[in-house]
Amino acid sequence: MSQEGGGMEIKMYLIAGLGNPGRQYDMTRHNIGFEVIDYMADQYNVKVKKLKFKGLYADTVIAGEKAILLKPQTYMNLSGESVRDFADFYKIPAENIIIINDDINLAAGRLRIRAKGSAGGHNGLKSIIYQLNSDNFPRIRIGVDSPVREKMDLADFVLARFTKEEIPVLEESIILTKKAVEEIILGGIESAMNKYNR
């Protein structure tokens with residue numbers, strides 16, 4: 001639902017990057033969503049420091065639209081609580097909520113943008129779908145490689161840091177994710193999928 005203001009319709013977007021709070025999780029595979037939000041905040045010259053609804057957030061403008069950059073602080077499995085509270089408070093419809101998360105089924109650095117769909121085994125997405133009672137929200141999944149290839153336990157793998165070789169690839173994917181978010185807002189989800197799914 002958009003707000004009316006002087007005849008102009010103002011949309012608002014919620015961009016939530018998923019991760020776990022705490023220094024020990026910085027630059028781990030599971031926290032790539034947080035890394036994207038930090039990068040975007042830096043690019044838009046805002047600080048994700050305000051605390052509300054179990055999340056750190058910043059207000060900004062993306063592609064001419066009001067937006068909130070959010071890092072839920074509930075730990076991954078309860079991410080949906082913070083997302084739901086922001087969505088309810090600001091009256092943001094599900095289709096204007098863009099979720100950024102890691103994906104172990106994609107090679108490191110690959111992006112997969114979807115308009116909606118299941119959680120695909122991701123606990124953060126599961127929580128958001130449950131709390132919103134909808135899977136009808138765009139998500140950008142960033143490949144972090146597979147634990148099978150590394151012969152590691154899944155939990156150990158997603159909480160491990162990226163290797164030196166992977167970091168440039170991930171940095172590029174973070175930059176592309178920011179562009180993809182802008183394209184979703186500016187040109188729509190189909191356009192973003194055509195440009196950035198790879």
# chains A, B, ... in the order shown; residues from 1 in each chain; ligands from 1

$ select_by_dssp --residues "segment 62-172 of chain A" --states "strand (DSSP E or B)" --output "PyMOL selection string"
chain A and resi 62+65-72+97-103+111-114+139-143+161

$ residues_around --residues "Asn105 of chain A" --least-positions-apart "2" --cutoff "8 Å" --atoms "only C-alpha atoms" --output "PyMOL selection string"
chain A and resi 103+107+143-146

$ residues_around --residues "segment 26-40 of chain A" --least-positions-apart "4" --cutoff "10 Å" --atoms "only C-alpha atoms" --output "number ranges by chain"
A: 15-22, 44-48, 57-58, 60, 62, 69-72, 76, 99-104, 108, 124, 140-145, 155, 157-163, 167, 170-171, 173-179, 181

$ select_by_dssp --residues "segment 3-197 of chain A" --states "alpha helix (DSSP H)" --output "PyMOL selection string"
chain A and resi 32-43+79-90+123-132+147-150+154-158+166-187+189-196

$ closest_residue --among "A:Leu56, A:Ala115, A:Leu78, A:Ile68" --to "Tyr13 of chain A" --atoms "only C-alpha atoms"
A:Ile68

$ closest_residue --among "A:Asp59, A:Glu65, A:Asp135, A:Glu172" --to "Leu111 of chain A" --atoms "only C-alpha atoms"
A:Glu172

$ residues_around --residues "Ala180 of chain A" --least-positions-apart "4" --cutoff "8 Å" --atoms "only C-alpha atoms" --output "number ranges by chain"
A: 176, 184, 192, 195-196

$ write_last_selection --atoms "N, CA and C atoms" --output "PDB file, in the first residue's frame"
ATOM      1  N   LEU A 176      27.476  -6.175  -7.682  1.00  0.00           N
ATOM      2  CA  LEU A 176      26.387  -6.520  -8.608  1.00  0.00           C
ATOM      3  C   LEU A 176      25.044  -6.615  -7.885  1.00  0.00           C
ATOM      4  N   ILE A 184      15.739  -3.717  -9.567  1.00  0.00           N
ATOM      5  CA  ILE A 184      14.416  -4.203  -9.137  1.00  0.00           C
ATOM      6  C   ILE A 184      13.503  -3.013  -8.869  1.00  0.00           C
ATOM      7  N   ALA A 192      15.694  -7.076 -13.686  1.00  0.00           N
ATOM      8  CA  ALA A 192      16.839  -7.423 -12.823  1.00  0.00           C
ATOM      9  C   ALA A 192      17.269  -8.870 -13.062  1.00  0.00           C
ATOM     10  N   LYS A 195      19.178  -9.149 -16.311  1.00  0.00           N
ATOM     11  CA  LYS A 195      20.504  -8.513 -16.301  1.00  0.00           C
ATOM     12  C   LYS A 195      21.510  -9.213 -15.395  1.00  0.00           C
ATOM     13  N   TYR A 196      21.028  -9.705 -14.248  1.00  0.00           N
ATOM     14  CA  TYR A 196      21.985 -10.111 -13.210  1.00  0.00           C
ATOM     15  C   TYR A 196      21.984 -11.585 -12.836  1.00  0.00           C
TER      16      TYR A 196
END

$ atom_distance --atom1 "atom CA of Ile92 of chain A" --atom2 "atom CA of Leu14 of chain A"
7.3 Å

$ closest_residue --among "A:Gly109, A:Gly187, A:Gly121, A:Gly55" --to "Glu81 of chain A" --atoms "only C-alpha atoms"
A:Gly55

$ atom_distance --atom1 "atom CA of Ser127 of chain A" --atom2 "atom CA of Asp85 of chain A"
12.8 Å

$ closest_residue --among "A:Arg110, A:Lys116, A:Lys54, A:Arg84" --to "Asn133 of chain A" --atoms "only C-alpha atoms"
A:Arg84
